[in-house]
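S.K.: Contents of structure-v3.tsv (TSV, C-alpha atoms and all ligand atoms) are given next:
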```tsv
chain	number	residue	atom	x	y	z
A	1	MET	CA	43.05	156.59	102.20
A	2	ASN	CA	42.99	155.52	105.81
A	3	TRP	CA	42.61	152.38	107.83
A	4	ILE	CA	38.92	152.98	108.51
A	5	SER	CA	37.90	152.77	104.84
A	6	ASN	CA	40.50	150.16	103.94
A	7	TYR	CA	40.25	147.86	106.88
A	8	VAL	CA	37.30	148.55	109.17
A	9	ARG	CA	34.61	148.99	106.54
A	10	PRO	CA	35.35	145.80	104.54
A	11	LYS	CA	35.55	143.93	107.81
A	12	ILE	CA	32.10	145.20	108.88
A	13	ASN	CA	30.64	144.49	105.43
A	14	SER	CA	32.02	140.97	105.42
A	15	LEU	CA	30.52	140.37	108.87
A	16	PHE	CA	27.05	141.35	107.68
A	17	SER	CA	27.14	139.69	104.29
A	18	ARG	CA	28.46	136.49	105.83
A	19	ARG	CA	25.36	136.36	107.99
A	20	GLU	CA	22.93	137.14	105.21
A	21	VAL	CA	23.92	134.54	102.61
A	22	PRO	CA	23.24	131.30	104.47
A	23	GLU	CA	20.01	132.48	106.11
A	24	ASN	CA	17.82	131.21	103.28
A	25	LEU	CA	19.02	127.64	103.18
A	26	TRP	CA	21.12	127.13	106.28
A	27	THR	CA	20.51	127.67	109.97
A	28	LYS	CA	23.35	127.94	112.44
A	29	CYS	CA	22.84	125.96	115.64
A	30	PRO	CA	23.06	128.52	118.48
A	31	GLU	CA	24.55	125.87	120.77
A	32	CYS	CA	27.34	124.19	118.75
A	33	GLY	CA	27.61	126.46	115.69
A	34	THR	CA	27.02	123.69	113.12
A	35	MET	CA	25.42	124.86	109.87
A	36	LEU	CA	22.25	122.86	109.33
A	37	PHE	CA	20.42	122.51	106.02
A	38	HIS	CA	16.90	123.87	106.53
A	39	ARG	CA	15.07	120.90	105.03
A	40	GLU	CA	16.98	118.39	107.14
A	41	LEU	CA	16.45	120.57	110.20
A	42	ALA	CA	12.69	120.68	109.59
A	43	ALA	CA	12.59	116.90	109.08
A	44	ASN	CA	14.43	116.59	112.40
A	45	LEU	CA	11.74	118.73	114.15
A	46	ASN	CA	14.19	121.63	114.56
A	47	VAL	CA	16.55	119.55	116.70
A	48	CYS	CA	20.26	119.95	115.89
A	49	SER	CA	21.55	116.68	114.40
A	50	ASN	CA	25.01	117.37	115.81
A	51	CYS	CA	24.42	118.34	119.47
A	52	ASP	CA	20.69	117.56	119.97
A	53	HIS	CA	19.91	121.19	120.83
A	54	HIS	CA	16.14	121.76	120.68
A	55	MET	CA	15.54	124.95	118.70
A	56	ALA	CA	12.27	126.87	118.67
A	57	ILE	CA	9.49	125.32	116.60
A	58	THR	CA	6.30	127.10	115.50
A	59	PRO	CA	2.99	125.81	116.91
A	60	ARG	CA	1.86	124.84	113.42
A	61	ASP	CA	4.97	122.71	112.80
A	62	ARG	CA	4.67	121.17	116.24
A	63	PHE	CA	1.04	120.24	115.67
A	64	GLY	CA	1.98	118.87	112.26
A	65	ALA	CA	4.28	116.39	114.00
A	66	LEU	CA	2.01	115.76	117.00
A	67	PHE	CA	-1.34	114.98	115.38
A	68	ASP	CA	-1.84	111.82	113.30
A	69	GLY	CA	-1.10	112.53	109.67
A	70	GLY	CA	-0.52	116.18	110.62
A	71	ILE	CA	-4.29	116.70	110.60
A	72	PHE	CA	-5.88	118.98	113.20
A	73	THR	CA	-8.74	121.46	113.51
A	74	GLU	CA	-8.08	124.88	114.99
A	75	VAL	CA	-10.13	125.86	118.02
A	76	LYS	CA	-11.57	129.33	117.57
A	77	VAL	CA	-10.23	131.91	120.03
A	78	PRO	CA	-12.41	134.97	120.75
A	79	ASP	CA	-10.72	138.29	119.93
A	80	ALA	CA	-9.57	140.44	122.82
A	81	VAL	CA	-9.83	144.24	122.99
A	82	GLN	CA	-6.87	145.66	121.09
A	83	ASP	CA	-4.60	148.17	122.79
A	84	PRO	CA	-6.90	149.36	125.60
A	85	LEU	CA	-4.02	151.34	127.17
A	86	HIS	CA	-3.00	153.08	123.90
A	87	PHE	CA	0.51	151.90	124.66
A	88	ARG	CA	3.47	153.26	122.80
A	89	ASP	CA	7.23	152.68	123.14
A	90	GLN	CA	9.44	153.06	120.05
A	91	LYS	CA	6.45	151.74	118.13
A	92	LYS	CA	2.71	151.84	118.70
A	93	TYR	CA	1.46	148.56	120.20
A	94	PRO	CA	-1.03	147.86	117.33
A	95	ASP	CA	1.84	148.34	114.83
A	96	ARG	CA	3.99	145.89	116.77
A	97	ILE	CA	1.15	143.33	116.75
A	98	LYS	CA	0.60	143.81	113.02
A	99	ALA	CA	4.31	143.27	112.29
A	100	ALA	CA	4.32	140.07	114.39
A	101	GLN	CA	1.14	138.83	112.67
A	102	LYS	CA	2.67	139.48	109.27
A	103	ALA	CA	5.93	137.72	110.12
A	104	SER	CA	4.30	134.65	111.70
A	105	GLY	CA	1.00	134.43	109.83
A	106	GLU	CA	-0.70	133.85	113.19
A	107	LYS	CA	-3.20	135.98	115.11
A	108	ASP	CA	-1.32	135.92	118.41
A	109	ALA	CA	1.19	133.93	120.44
A	110	MET	CA	-0.96	130.85	121.19
A	111	LEU	CA	-2.48	128.36	118.78
A	112	VAL	CA	-5.17	125.91	119.95
A	113	ALA	CA	-6.16	122.77	118.06
A	114	GLU	CA	-8.08	119.52	118.44
A	115	GLY	CA	-7.41	116.20	116.78
A	116	ASP	CA	-6.04	112.69	117.29
A	117	MET	CA	-2.57	111.97	118.65
A	118	ALA	CA	-1.62	108.31	118.18
A	119	ARG	CA	-5.38	107.68	117.82
A	120	THR	CA	-6.00	109.38	121.14
A	121	PRO	CA	-8.36	112.38	120.97
A	122	ILE	CA	-6.86	115.50	122.57
A	123	VAL	CA	-6.99	119.28	122.65
A	124	ALA	CA	-3.58	120.98	122.42
A	125	ALA	CA	-2.32	124.54	122.81
A	126	ALA	CA	1.13	125.74	121.80
A	127	GLN	CA	2.85	129.04	122.41
A	128	ASP	CA	4.90	130.75	119.72
A	129	PHE	CA	8.12	132.32	121.01
A	130	SER	CA	8.69	134.07	117.69
A	131	PHE	CA	5.48	136.08	118.23
A	132	MET	CA	6.58	138.94	120.51
A	133	ALA	CA	8.63	136.50	122.63
A	134	GLY	CA	5.52	134.39	123.25
A	135	SER	CA	4.34	137.08	125.65
A	136	MET	CA	1.13	136.44	127.58
A	137	GLY	CA	-1.52	139.03	126.81
A	138	MET	CA	-5.30	138.93	126.73
A	139	ASN	CA	-5.33	136.89	123.51
A	140	VAL	CA	-3.12	134.18	125.03
A	141	GLY	CA	-5.45	134.13	128.06
A	142	ASN	CA	-8.45	133.77	125.75
A	143	ALA	CA	-6.70	130.94	123.87
A	144	ILE	CA	-6.05	128.93	127.05
A	145	ILE	CA	-9.63	129.43	128.23
A	146	ALA	CA	-10.98	128.42	124.79
A	147	GLY	CA	-8.75	125.31	124.87
A	148	ALA	CA	-9.89	124.35	128.38
A	149	GLN	CA	-13.56	124.90	127.52
A	150	ARG	CA	-13.25	122.83	124.36
A	151	ALA	CA	-11.49	120.03	126.30
A	152	VAL	CA	-14.32	119.97	128.88
A	153	GLU	CA	-16.96	120.03	126.12
A	154	LEU	CA	-15.35	117.08	124.29
A	155	ARG	CA	-14.16	115.35	127.50
A	156	ARG	CA	-10.58	115.30	126.27
A	157	PRO	CA	-7.28	116.09	128.00
A	158	LEU	CA	-5.54	119.41	127.37
A	159	ILE	CA	-1.85	119.38	126.48
A	160	LEU	CA	-0.10	122.74	126.57
A	161	PHE	CA	3.35	123.57	125.14
A	162	SER	CA	4.72	126.71	126.79
A	163	ALA	CA	7.40	129.08	125.46
A	164	SER	CA	7.38	132.62	126.75
A	165	GLY	CA	9.37	135.55	128.04
A	166	GLY	CA	6.51	136.36	130.44
A	167	ALA	CA	3.65	138.85	130.54
A	168	ARG	CA	3.07	141.28	127.66
A	169	MET	CA	4.24	144.63	129.00
A	170	GLN	CA	2.18	146.57	126.46
A	171	GLU	CA	-1.01	145.37	128.15
A	172	GLY	CA	0.15	146.27	131.68
A	173	MET	CA	-2.17	145.09	134.45
A	174	LEU	CA	-4.44	143.38	131.91
A	175	SER	CA	-1.67	140.96	130.97
A	176	LEU	CA	-1.10	140.11	134.64
A	177	MET	CA	-4.83	139.39	134.96
A	178	GLN	CA	-4.24	136.41	132.63
A	179	MET	CA	-2.47	134.65	135.51
A	180	PRO	CA	-5.68	134.21	137.61
A	181	ARG	CA	-7.81	133.77	134.46
A	182	THR	CA	-5.72	130.86	133.18
A	183	THR	CA	-5.51	129.38	136.68
A	184	VAL	CA	-9.34	129.29	136.75
A	185	ALA	CA	-9.30	127.63	133.31
A	186	VAL	CA	-6.96	124.89	134.62
A	187	GLN	CA	-9.25	124.47	137.67
A	188	MET	CA	-12.15	123.90	135.26
A	189	LEU	CA	-10.30	120.90	133.81
A	190	LYS	CA	-9.52	119.55	137.27
A	191	GLU	CA	-13.18	119.80	138.31
A	192	ALA	CA	-14.18	117.91	135.15
A	193	GLY	CA	-11.63	115.20	136.04
A	194	LEU	CA	-9.64	115.77	132.85
A	195	PRO	CA	-5.83	115.66	132.68
A	196	TYR	CA	-3.87	118.83	132.03
A	197	ILE	CA	-0.33	118.16	130.83
A	198	VAL	CA	2.29	120.88	130.41
A	199	VAL	CA	5.33	120.57	128.17
A	200	LEU	CA	7.80	123.34	129.04
A	201	THR	CA	9.96	124.36	126.10
A	202	HIS	CA	12.90	126.75	125.87
A	203	PRO	CA	12.49	129.34	127.33
A	204	THR	CA	9.54	129.51	129.74
A	205	THR	CA	9.93	132.39	132.18
A	206	GLY	CA	8.15	135.16	134.10
A	207	GLY	CA	4.40	135.29	134.68
A	208	VAL	CA	3.84	132.23	132.50
A	209	THR	CA	5.96	130.09	134.85
A	210	ALA	CA	4.07	131.70	137.73
A	211	SER	CA	0.69	130.53	136.40
A	212	TYR	CA	-0.60	127.98	133.88
A	213	ALA	CA	2.81	126.56	132.89
A	214	MET	CA	3.40	125.12	136.37
A	215	LEU	CA	-0.10	123.80	137.12
A	216	GLY	CA	-0.01	120.59	135.09
A	217	ASP	CA	-0.96	117.20	136.49
A	218	VAL	CA	2.24	116.08	134.78
A	219	GLN	CA	5.11	118.49	134.12
A	220	ILE	CA	7.31	117.58	131.17
A	221	ALA	CA	10.17	119.61	129.69
A	222	GLU	CA	12.26	119.43	126.53
A	223	PRO	CA	16.01	118.82	127.08
A	224	ASN	CA	18.05	121.81	128.26
A	225	ALA	CA	15.02	124.14	128.26
A	226	GLN	CA	15.46	127.24	130.41
A	227	ILE	CA	12.64	127.42	132.94
A	228	GLY	CA	12.43	130.02	135.67
A	229	PHE	CA	10.66	133.06	137.04
A	230	ALA	CA	13.34	135.77	137.32
A	231	GLY	CA	16.46	135.69	135.17
A	232	ALA	CA	19.63	134.09	136.56
A	233	ARG	CA	21.55	137.39	136.49
A	234	VAL	CA	18.86	139.20	138.49
A	235	ILE	CA	18.92	136.44	141.10
A	236	GLU	CA	22.72	136.48	141.30
A	237	GLN	CA	22.74	140.23	141.82
A	238	THR	CA	20.03	140.02	144.48
A	239	ILE	CA	21.43	137.19	146.59
A	240	ARG	CA	25.09	138.07	145.80
A	241	GLU	CA	26.00	134.45	145.26
A	242	LYS	CA	27.22	132.43	142.31
A	243	LEU	CA	24.47	130.15	141.00
A	244	PRO	CA	25.19	126.46	140.42
A	245	GLU	CA	25.96	124.95	137.02
A	246	GLY	CA	22.85	124.22	134.94
A	247	PHE	CA	20.66	126.44	137.12
A	248	GLN	CA	17.12	126.90	135.67
A	249	ARG	CA	17.71	124.19	133.06
A	250	ALA	CA	15.32	121.26	132.58
A	251	GLU	CA	17.73	118.55	133.82
A	252	TYR	CA	18.61	120.55	136.96
A	253	LEU	CA	14.92	121.11	137.72
A	254	LEU	CA	14.19	117.41	137.19
A	255	ASP	CA	16.96	116.51	139.70
A	256	HIS	CA	15.45	118.94	142.21
A	257	GLY	CA	11.86	117.71	141.96
A	258	MET	CA	10.36	120.57	139.92
A	259	LEU	CA	9.62	118.37	136.90
A	260	ASP	CA	8.32	114.85	136.31
A	261	ARG	CA	10.17	114.16	133.09
A	262	VAL	CA	12.56	115.50	130.47
A	263	VAL	CA	11.57	114.13	127.06
A	264	HIS	CA	13.26	114.41	123.66
A	265	ARG	CA	11.08	116.10	121.03
A	266	LYS	CA	11.11	113.00	118.86
A	267	ALA	CA	9.83	110.81	121.71
A	268	MET	CA	7.21	113.37	122.80
A	269	LYS	CA	4.23	111.98	120.87
A	270	ASP	CA	4.72	108.44	122.23
A	271	GLU	CA	5.29	109.70	125.75
A	272	LEU	CA	2.24	111.97	125.70
A	273	SER	CA	-0.10	109.36	124.23
A	274	THR	CA	1.01	106.76	126.80
A	275	LEU	CA	0.45	109.26	129.62
A	276	VAL	CA	-2.93	110.43	128.35
A	277	ARG	CA	-4.15	106.85	127.86
A	278	LEU	CA	-3.05	105.98	131.41
A	279	LEU	CA	-4.72	109.04	132.93
A	280	MET	CA	-7.93	108.65	130.88
A	281	ALA	CA	-8.12	104.91	131.69
A	282	LEU	CA	-8.02	104.01	127.98
A	283	PRO	CA	-6.53	100.74	126.68
A	284	PRO	CA	-2.84	100.95	125.65
A	285	GLY	CA	-2.29	102.61	122.30
A	286	ILE	CA	-1.25	100.93	119.08
A	287	LYS	CA	2.36	101.76	118.23
A	288	GLY	CA	3.07	102.09	114.53
A	289	ASP	CA	0.63	101.63	111.70
A	290	LEU	CA	-0.57	98.28	110.45
A	291	PRO	CA	-0.54	97.98	106.65
A	292	ALA	CA	-3.94	98.16	104.99
A	293	PRO	CA	-5.21	94.72	103.83
A	294	THR	CA	-4.34	94.36	100.14
A	295	GLU	CA	-6.36	91.27	99.25
A	296	VAL	CA	-9.52	89.87	100.71
A	297	PRO	CA	-8.99	86.18	101.47
A	298	GLU	CA	-11.17	83.82	99.35
A	299	PRO	CA	-13.98	82.19	101.30
A	300	ALA	CA	-13.28	78.51	101.86
A	301	LYS	CA	-15.01	76.26	99.28
A	302	ALA	CA	-17.29	73.59	100.51
A	401	ZN	ZN	24.02	121.98	117.63
```
Spit out the file's structure as structure tokens when you get a sec.
M.R.:
Amino acid sequence: MNWISNYVRPKINSLFSRREVPENLWTKCPECGTMLFHRELAANLNVCSNCDHHMAITPRDRFGALFDGGIFTEVKVPDAVQDPLHFRDQKKYPDRIKAAQKASGEKDAMLVAEGDMARTPIVAAAQDFSFMAGSMGMNVGNAIIAGAQRAVELRRPLILFSASGGARMQEGMLSLMQMPRTTVAVQMLKEAGLPYIVVLTHPTTGGVTASYAMLGDVQIAEPNAQIGFAGARVIEQTIREKLPEGFQRAEYLLDHGMLDRVVHRKAMKDELSTLVRLLMALPPGIKGDLPAPTEVPEPAKA
């Protein structure tokens, strides 16, 4: 008998089991530590009801809340060449992709859809941070181009929700090539006179911030989203200075002219439809739904 088996091991076990039990039904808010019931959290669009922290949301859930009645049609994205560099770290790149596809049920880190948002026709693209940190590879590039082409074809605006750690290292130079490719796609929208609106969500960093995520006609961010190119620690070490409070956060960037707006997730649909209607010179939208007529009035008797 010793203190390792009597004290350390039970302590370690309790640490792990404590984390495993609530995972099915409860999610812990990473900001304030409140335990949130999963159904309530989903109904609240993954926003903490205690501290208003905006947690990650999958593209499918976001579109479900964005499009009227949760109805949208996916825009087909052409497949990219898989693993042209035969890249391998601890895992082979194709195995890593397969695991991410299995866990998320999605093909890659960007989902593109078309539909009506507050009765305003749009094309939308949303990045999935849970899919290999939302990294930008050839498939993400293809998705943005497909979205832009579809928007031009239908003469609709493109709204893009970004969330990414940057370029996908496993695709090397080919992932960096998505920066000019997506820039050309955005230019296509500009030449067609169609609005391109970016909603930056937590976190948007690296090559994504250096390309399509910063080229919007209107730049919106979700509250407290981290937005930057290099990480704060790297910058601190390079310039040997302490960075100010709230550096690289949405509110700080809004104060310093990098953003046009910081919008709560629940107000996003209203905000976006108002903006799109203004930019597309459409009449103001109808807020709320009118009840369907229940009885047809009798024609007046002569
Ligand atoms: Zn919280």
S.K.: List all protein, DNA and RNA residues that have at least one atom no more than 12 Å from any atom of ligand ZN 401 (chain A), counting only C-alpha atoms and all ligand atoms, and write them as a list in words.
M.R.: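 Checking only C-alpha atoms and all ligand atoms against ligand ZN 401 (chain A) at 12 Å gives Thr27, Lys28, Cys29, Pro30, Glu31, Cys32, Gly33, Thr34, Met35, Leu36, Leu41, Asn46, Val47, Cys48, Ser49, Asn50, Cys51, Asp52, His53, His54 and Met55 of chain A.
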S.K.: Would you put the residues from that selection into a file with C-alpha atoms, as a compact mmCIF listing (two decimals), keeping the file's coordinate frame?
M.R.:
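Result file part.txt:
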```txt
# COMPACT_ATOMS: atom_id res chain seq x y z
CA THR A 27 20.51 127.67 109.97
CA LYS A 28 23.35 127.94 112.44
CA CYS A 29 22.84 125.96 115.64
CA PRO A 30 23.06 128.52 118.48
CA GLU A 31 24.55 125.87 120.77
CA CYS A 32 27.34 124.19 118.75
CA GLY A 33 27.61 126.46 115.69
CA THR A 34 27.02 123.69 113.12
CA MET A 35 25.42 124.86 109.87
CA LEU A 36 22.25 122.86 109.33
CA LEU A 41 16.45 120.57 110.20
CA ASN A 46 14.19 121.63 114.56
CA VAL A 47 16.55 119.55 116.70
CA CYS A 48 20.26 119.95 115.89
CA SER A 49 21.55 116.68 114.40
CA ASN A 50 25.01 117.37 115.81
CA CYS A 51 24.42 118.34 119.47
CA ASP A 52 20.69 117.56 119.97
CA HIS A 53 19.91 121.19 120.83
CA HIS A 54 16.14 121.76 120.68
CA MET A 55 15.54 124.95 118.70
```
S.K.: Select from stretch 9-124 of chain A every residue with an atom at most 7 Å from any atom of stretch 255-278 of chain A, then for each give the shortest pair of atoms and their distance in Å to one decimal, using all atoms listed in the file, rows by chain and rising number, as JSON lines.
M.R.:
```
{"residue": "A:Leu66", "atom": "CA", "partner": "A:Lys269", "partner_atom": "CA", "distance": 5.8}
{"residue": "A:Met117", "atom": "CA", "partner": "A:Ser273", "partner_atom": "CA", "distance": 6.6}
{"residue": "A:Ala118", "atom": "CA", "partner": "A:Ser273", "partner_atom": "CA", "distance": 6.3}
{"residue": "A:Thr120", "atom": "CA", "partner": "A:Ser273", "partner_atom": "CA", "distance": 6.7}
```
S.K.: Have a look at atom CA of A:Ile144 and atom CA of A:Val112 and let me know their distance in Å, one decimal.
M.R.: 7.8 Å
S.K.: Show which residues sit within 6 Å of A:Gly166, as a list in words. Count all atoms listed in the file, and ignore same-chain residues fewer than 6 positions away.
M.R.: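 In the requested format, the answer is Ser135, Thr205, Gly206, Gly207 and Val208 of chain A.
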S.K.: Once you count all atoms listed in the file, what closest atom pair and distance in Å to one decimal does each residue of stretch 127-237 of chain A within 12 Å of stretch 89-107 of chain A have, with rows by chain and rising residue number, as JSON lines?
M.R.:
```
{"residue": "A:Gln127", "atom": "CA", "partner": "A:Glu106", "partner_atom": "CA", "distance": 11.0}
{"residue": "A:Asp128", "atom": "CA", "partner": "A:Ser104", "partner_atom": "CA", "distance": 8.9}
{"residue": "A:Phe129", "atom": "CA", "partner": "A:Ser104", "partner_atom": "CA", "distance": 10.3}
{"residue": "A:Ser130", "atom": "CA", "partner": "A:Ser104", "partner_atom": "CA", "distance": 7.4}
{"residue": "A:Phe131", "atom": "CA", "partner": "A:Ala100", "partner_atom": "CA", "distance": 5.7}
{"residue": "A:Met132", "atom": "CA", "partner": "A:Ala100", "partner_atom": "CA", "distance": 6.6}
{"residue": "A:Ala133", "atom": "CA", "partner": "A:Ala100", "partner_atom": "CA", "distance": 10.0}
{"residue": "A:Gly134", "atom": "CA", "partner": "A:Ala100", "partner_atom": "CA", "distance": 10.6}
{"residue": "A:Ser135", "atom": "CA", "partner": "A:Ile97", "partner_atom": "CA", "distance": 11.3}
{"residue": "A:Gly137", "atom": "CA", "partner": "A:Ile97", "partner_atom": "CA", "distance": 11.3}
{"residue": "A:Asn139", "atom": "CA", "partner": "A:Lys107", "partner_atom": "CA", "distance": 8.7}
{"residue": "A:Val140", "atom": "CA", "partner": "A:Lys107", "partner_atom": "CA", "distance": 10.1}
{"residue": "A:Ala143", "atom": "CA", "partner": "A:Lys107", "partner_atom": "CA", "distance": 10.7}
{"residue": "A:Arg168", "atom": "CA", "partner": "A:Tyr93", "partner_atom": "CA", "distance": 10.5}
{"residue": "A:Met169", "atom": "CA", "partner": "A:Tyr93", "partner_atom": "CA", "distance": 10.0}
{"residue": "A:Gln170", "atom": "CA", "partner": "A:Tyr93", "partner_atom": "CA", "distance": 6.6}
{"residue": "A:Glu171", "atom": "CA", "partner": "A:Tyr93", "partner_atom": "CA", "distance": 8.9}
{"residue": "A:Gly172", "atom": "CA", "partner": "A:Tyr93", "partner_atom": "CA", "distance": 11.8}
```
S.K.: One decimal, Å: what's the distance from atom CA of A:Ser211 over to atom CA of A:Ala125, could you say?
M.R.: 15.2 Å
S.K.: Have a look at A:Leu282, A:Ala232, A:Ala146, A:Ile227 and name the one nearest to A:Met110; count all atoms listed in the file.
M.R.: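 Closest to A:Met110, using all atoms listed in the file: A:Ala146.
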S.K.: If you measure from atom CA of A:Leu253 to atom CA of A:Ile122, what distance in Å do you get, rounded to one decimal?
M.R.: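 The value is 27.1 Å.
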S.K.: Looking at A:Pro223, A:Pro180, A:Gly115, A:Gly228, which one is nearest to A:Val199, with distances taken over only C-alpha atoms?
M.R.: A:Pro223
S.K.: Which is closer to A:Met173 than all the others in A:Pro84, A:Leu25, A:Phe63, A:Leu45, using only C-alpha atoms?
M.R.: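 Smallest distance to A:Met173 is found for A:Pro84.
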S.K.: My list of candidates is A:Gly165, A:Pro78, A:Pro59, A:Gly285. Which is closest to A:Gly147 when distances are computed with only C-alpha atoms?
M.R.: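 Among the listed residues, A:Pro78 lies closest to A:Gly147.
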S.K.: Quick one: of A:Ile220, A:Ala230, A:Leu176, A:Ala163, who's nearest to A:Glu251, counting all atoms listed in the file?
M.R.: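 Nearest candidate to A:Glu251 out of A:Ile220, A:Ala230, A:Leu176, A:Ala163: A:Ile220.
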S.K.: Return the single residue from A:Ala109, A:Leu158, A:Met179, A:Ile235 that is closest to A:Leu279, with distances computed using all atoms listed in the file.
M.R.: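 Of A:Ala109, A:Leu158, A:Met179, A:Ile235, the one nearest A:Leu279 is A:Leu158, counting all atoms listed in the file.
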S.K.: Just write stretch 23-91 of chain A with C-alpha atoms, as a compact mmCIF listing (two decimals), in the first residue's frame, taken from the block above.
M.R.:
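Writing the result to result-v7.txt gives the following:
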```txt
# COMPACT_ATOMS: atom_id res chain seq x y z
CA GLU A 23 -20.94 15.03 -21.53
CA ASN A 24 -24.08 13.38 -22.88
CA LEU A 25 -26.63 15.76 -21.43
CA TRP A 26 -24.70 18.73 -20.12
CA THR A 27 -22.17 21.09 -21.64
CA LYS A 28 -19.88 23.20 -19.52
CA CYS A 29 -19.56 26.80 -20.65
CA PRO A 30 -15.83 27.35 -21.30
CA GLU A 31 -16.16 31.00 -20.24
CA CYS A 32 -18.09 30.94 -16.92
CA GLY A 33 -18.15 27.21 -16.09
CA THR A 34 -21.96 26.95 -15.83
CA MET A 35 -23.36 23.51 -16.67
CA LEU A 36 -25.89 23.92 -19.47
CA PHE A 37 -28.54 21.38 -20.40
CA HIS A 38 -27.93 20.39 -24.03
CA ARG A 39 -31.50 20.89 -25.23
CA GLU A 40 -31.74 24.36 -23.71
CA LEU A 41 -28.33 25.21 -25.12
CA ALA A 42 -29.40 24.14 -28.62
CA ALA A 43 -32.63 26.15 -28.32
CA ASN A 44 -30.47 29.13 -27.33
CA LEU A 45 -28.33 28.70 -30.51
CA ASN A 46 -25.34 27.51 -28.44
CA VAL A 47 -25.14 30.79 -26.53
CA CYS A 48 -24.56 30.46 -22.77
CA SER A 49 -27.69 31.60 -20.94
CA ASN A 50 -25.59 32.73 -17.98
CA CYS A 51 -22.75 34.79 -19.51
CA ASP A 52 -23.83 35.13 -23.18
CA HIS A 53 -20.68 33.36 -24.40
CA HIS A 54 -21.12 32.34 -28.05
CA MET A 55 -20.00 28.72 -28.38
CA ALA A 56 -19.23 27.00 -31.67
CA ILE A 57 -22.26 26.03 -33.75
CA THR A 58 -22.23 23.60 -36.69
CA PRO A 59 -23.04 25.02 -40.15
CA ARG A 60 -26.15 22.84 -40.32
CA ASP A 61 -27.50 24.17 -37.01
CA ARG A 62 -26.66 27.71 -38.03
CA PHE A 63 -28.48 27.35 -41.34
CA GLY A 64 -31.41 25.78 -39.50
CA ALA A 65 -31.77 29.01 -37.53
CA LEU A 66 -30.90 31.35 -40.41
CA PHE A 67 -33.19 30.15 -43.19
CA ASP A 68 -36.97 30.52 -42.95
CA GLY A 69 -38.48 27.42 -41.40
CA GLY A 70 -34.99 25.90 -41.33
CA ILE A 71 -35.38 25.01 -45.02
CA PHE A 72 -32.39 25.29 -47.34
CA THR A 73 -30.89 23.54 -50.36
CA GLU A 74 -27.24 22.57 -50.32
CA VAL A 75 -25.08 23.94 -53.12
CA LYS A 76 -22.98 21.19 -54.65
CA VAL A 77 -19.24 21.59 -54.13
CA PRO A 78 -16.91 19.88 -56.63
CA ASP A 79 -14.51 17.38 -55.03
CA ALA A 80 -10.86 18.36 -54.77
CA VAL A 81 -7.89 16.03 -55.34
CA GLN A 82 -7.34 14.11 -52.11
CA ASP A 83 -3.92 14.12 -50.51
CA PRO A 84 -1.77 15.16 -53.50
CA LEU A 85 1.29 15.50 -51.23
CA HIS A 86 0.86 12.06 -49.58
CA PHE A 87 1.15 13.89 -46.28
CA ARG A 88 1.68 12.04 -43.06
CA ASP A 89 2.22 13.21 -39.47
CA GLN A 90 1.11 10.94 -36.61
CA LYS A 91 -1.69 9.90 -38.93
```
